[in-house]
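To start, the structure under review is shown below, and the notes come after it.
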Amino acid sequence: MIVFEEELKKFHKSLEIDDAEKDIYEKNDEKDVVEVLLDVAKNDDGMGE
């Protein structure tokens with residue numbers, strides 16, 4: 001049986017749109033795979049080992 005008081009204690013409000021945009025766009029400082037591969041290709045001197 002569902003105990004509504006217990007379920008309400010577990011509830012967390014979802015992010016507002018502005019907060020979500022901040023988390024997605026401003027905190028996204030990690031490189032993705034394409035950026036890493038481009039850096040590797042740019043720094044490659046053609047002397048593969």
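By convention in this document, the chains of the structure tokens carry letters A, B, ... by their order, each chain's residues are numbered from 1, and ligands are numbered from 1 in the order they are shown.
Here the DSSP assignment of helix (DSSP H, G or I), based on backbone atoms, applies within chain A to Phe4, Glu5, Glu6, Glu7, Leu8, Lys9, Lys10, Ile17, Asp18, Asp19, Ala20, Glu21, Lys22, Asp23, Ile24, Tyr25, Glu26, Val33, Val34, Glu35, Val36, Leu37, Leu38, Asp39, Val40, Ala41, Lys42 and Asn43 of chain A.
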In Å and to one decimal, CA of Glu21 in chain A is distant from CA of Leu8 in chain A by 26.4 Å
Please measure the separation of CA of Val36 in chain A and CA of Asp18 in chain A, giving the value in Å to one decimal.
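CA of Asp18 in chain A lies at a distance of 29.2 Å from CA of Val36 in chain A.
Between CA of Glu16 in chain A and CA of Glu30 in chain A the separation is 23.2 Å.
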